[in-house]
Amino acid sequence: MRSSLLLNAGLALAVVAMASCGGGSYSTPSATAPTTTTTAVTTTTTTATSVTVSIVGSTGNQAFTPNPAMVSDGGTVTFKNNDTTTHHVVLDDGSADLGEIGPGAAKSVTLKGAGGNFHCVIHSTMVGSINGAVAPTAPAPPCDVYGYGC
Ligand SMILES: [Cu+2]
């Protein structure tokens with residue numbers, strides 16, 4: 001009789017233990033597991049295989065935009081004349097003479113090297129750079145007929 005009581009008590013404890021184990025505390029794994037967000041480090045690539053330089057004026061290094069223009073070695077640079085007067089772009093190293101570019105027209109040059117400075121033959125202060133660190137400084141304007149501006 002005594003052993004039967006102990007047995008019953010033990011059984012009762014086992015039932016309580018099972019009940020607590022099977023309680024609502026168990027949760028199924030969430031379908032949406034936490035995701036690790038990996039932020040890709042993107043290096044800004046400023047060089048493309050082609051770039052269009054817009055001609056927007058007749059004076060200084062602001063006449064070209066962007067200036068400097070960034071393009072890969074051997075890339076193509078297109079000069080688009082968005083100004084109202086004709087321009088004549090040449091590369092300073094003599095590797096290309098694009099000739100006259102009328103208003104609204106565009107001409108392209110494929111670089112033979114890494115780039116360099118360029119200018120407008122017609123307007124001497126119009127200077128620009130391909131792949132330079134900064135736009136070149138515009139030279140002093142030519143003297144006018146009265147000897148001013150030089
Ligand atoms: Cu010009």
# chains A, B, ... in the order shown; residues from 1 in each chain; ligands from 1
call {"tool": "residues_around", "arguments": {"residues": "A:Phe64", "least_positions_apart": "5", "cutoff": "10 Å", "atoms": "only C-alpha atoms", "output": "PyMOL selection string"}}
result
chain A and resi 53-59+69+79-82+119+126-129+135
call {"tool": "write_last_selection", "arguments": {"atoms": "N, CA and C atoms", "output": "PDB file, in the first residue's frame"}}
result
ATOM      1  N   VAL A  53      30.561  65.389 -73.591  1.00  0.00           N
ATOM      2  CA  VAL A  53      30.878  66.689 -73.012  1.00  0.00           C
ATOM      3  C   VAL A  53      29.987  67.713 -73.703  1.00  0.00           C
ATOM      4  N   SER A  54      29.229  68.404 -72.909  1.00  0.00           N
ATOM      5  CA  SER A  54      28.341  69.421 -73.453  1.00  0.00           C
ATOM      6  C   SER A  54      29.059  70.765 -73.504  1.00  0.00           C
ATOM      7  N   ILE A  55      28.966  71.407 -74.650  1.00  0.00           N
ATOM      8  CA  ILE A  55      29.535  72.750 -74.789  1.00  0.00           C
ATOM      9  C   ILE A  55      28.404  73.721 -74.502  1.00  0.00           C
ATOM     10  N   VAL A  56      28.595  74.518 -73.471  1.00  0.00           N
ATOM     11  CA  VAL A  56      27.507  75.379 -73.013  1.00  0.00           C
ATOM     12  C   VAL A  56      27.877  76.862 -73.014  1.00  0.00           C
ATOM     13  N   GLY A  57      29.046  77.182 -73.536  1.00  0.00           N
ATOM     14  CA  GLY A  57      29.436  78.587 -73.532  1.00  0.00           C
ATOM     15  C   GLY A  57      30.659  78.786 -74.390  1.00  0.00           C
ATOM     16  N   SER A  58      31.196  80.007 -74.335  1.00  0.00           N
ATOM     17  CA  SER A  58      32.331  80.348 -75.197  1.00  0.00           C
ATOM     18  C   SER A  58      33.549  80.807 -74.421  1.00  0.00           C
ATOM     19  N   THR A  59      33.458  80.812 -73.100  1.00  0.00           N
ATOM     20  CA  THR A  59      34.592  81.309 -72.325  1.00  0.00           C
ATOM     21  C   THR A  59      34.907  80.401 -71.143  1.00  0.00           C
ATOM     22  N   ALA A  69      36.120  65.657 -67.882  1.00  0.00           N
ATOM     23  CA  ALA A  69      35.296  64.522 -68.277  1.00  0.00           C
ATOM     24  C   ALA A  69      36.097  63.254 -68.015  1.00  0.00           C
ATOM     25  N   PHE A  79      31.683  65.514 -78.153  1.00  0.00           N
ATOM     26  CA  PHE A  79      31.460  66.917 -77.824  1.00  0.00           C
ATOM     27  C   PHE A  79      30.150  67.332 -78.472  1.00  0.00           C
ATOM     28  N   LYS A  80      29.203  67.711 -77.641  1.00  0.00           N
ATOM     29  CA  LYS A  80      27.886  68.128 -78.125  1.00  0.00           C
ATOM     30  C   LYS A  80      27.776  69.629 -77.921  1.00  0.00           C
ATOM     31  N   ASN A  81      27.601  70.316 -79.021  1.00  0.00           N
ATOM     32  CA  ASN A  81      27.542  71.776 -78.947  1.00  0.00           C
ATOM     33  C   ASN A  81      26.121  72.234 -78.620  1.00  0.00           C
ATOM     34  N   ASN A  82      25.905  72.553 -77.370  1.00  0.00           N
ATOM     35  CA  ASN A  82      24.614  73.075 -76.929  1.00  0.00           C
ATOM     36  C   ASN A  82      24.642  74.597 -76.844  1.00  0.00           C
ATOM     37  N   HIS A 119      41.103  72.185 -76.019  1.00  0.00           N
ATOM     38  CA  HIS A 119      40.683  73.578 -76.043  1.00  0.00           C
ATOM     39  C   HIS A 119      39.936  73.866 -77.337  1.00  0.00           C
ATOM     40  N   MET A 126      38.481  78.778 -73.830  1.00  0.00           N
ATOM     41  CA  MET A 126      37.712  77.539 -73.639  1.00  0.00           C
ATOM     42  C   MET A 126      38.676  76.370 -73.507  1.00  0.00           C
ATOM     43  N   VAL A 127      38.801  75.882 -72.274  1.00  0.00           N
ATOM     44  CA  VAL A 127      39.727  74.778 -72.022  1.00  0.00           C
ATOM     45  C   VAL A 127      39.019  73.708 -71.200  1.00  0.00           C
ATOM     46  N   GLY A 128      39.443  72.491 -71.445  1.00  0.00           N
ATOM     47  CA  GLY A 128      38.848  71.389 -70.701  1.00  0.00           C
ATOM     48  C   GLY A 128      39.833  70.259 -70.547  1.00  0.00           C
ATOM     49  N   SER A 129      39.425  69.249 -69.803  1.00  0.00           N
ATOM     50  CA  SER A 129      40.294  68.116 -69.527  1.00  0.00           C
ATOM     51  C   SER A 129      39.525  66.817 -69.642  1.00  0.00           C
ATOM     52  N   ALA A 135      39.572  70.762 -63.743  1.00  0.00           N
ATOM     53  CA  ALA A 135      39.502  71.462 -65.020  1.00  0.00           C
ATOM     54  C   ALA A 135      40.715  72.377 -65.126  1.00  0.00           C
TER      55      ALA A 135
END
call {"tool": "residues_near_ligand", "arguments": {"ligand": "ligand 1", "cutoff": "7 Å", "atoms": "only C-alpha atoms and all ligand atoms", "output": "list of chain:residue names"}}
result
A:Ser58, A:Thr86, A:His87, A:His88, A:Cys120, A:Val121, A:Ile122, A:His123, A:Met126
call {"tool": "write_last_selection", "arguments": {"atoms": "C-alpha atoms", "output": "compact mmCIF listing (two decimals), in the first residue's frame"}}
result
# COMPACT_ATOMS: atom_id res chain seq x y z
CA SER A 58 32.33 80.35 -75.20
CA THR A 86 30.39 77.31 -83.60
CA HIS A 87 33.29 75.79 -81.72
CA HIS A 88 36.39 73.96 -82.84
CA CYS A 120 38.67 75.49 -78.58
CA VAL A 121 40.67 76.97 -81.44
CA ILE A 122 38.12 79.73 -81.97
CA HIS A 123 37.75 80.77 -78.34
CA MET A 126 37.71 77.54 -73.64
call {"tool": "atom_distance", "arguments": {"atom1": "atom CA of A:Tyr148", "atom2": "atom CA of A:Gly99"}}
result
29.1 Å
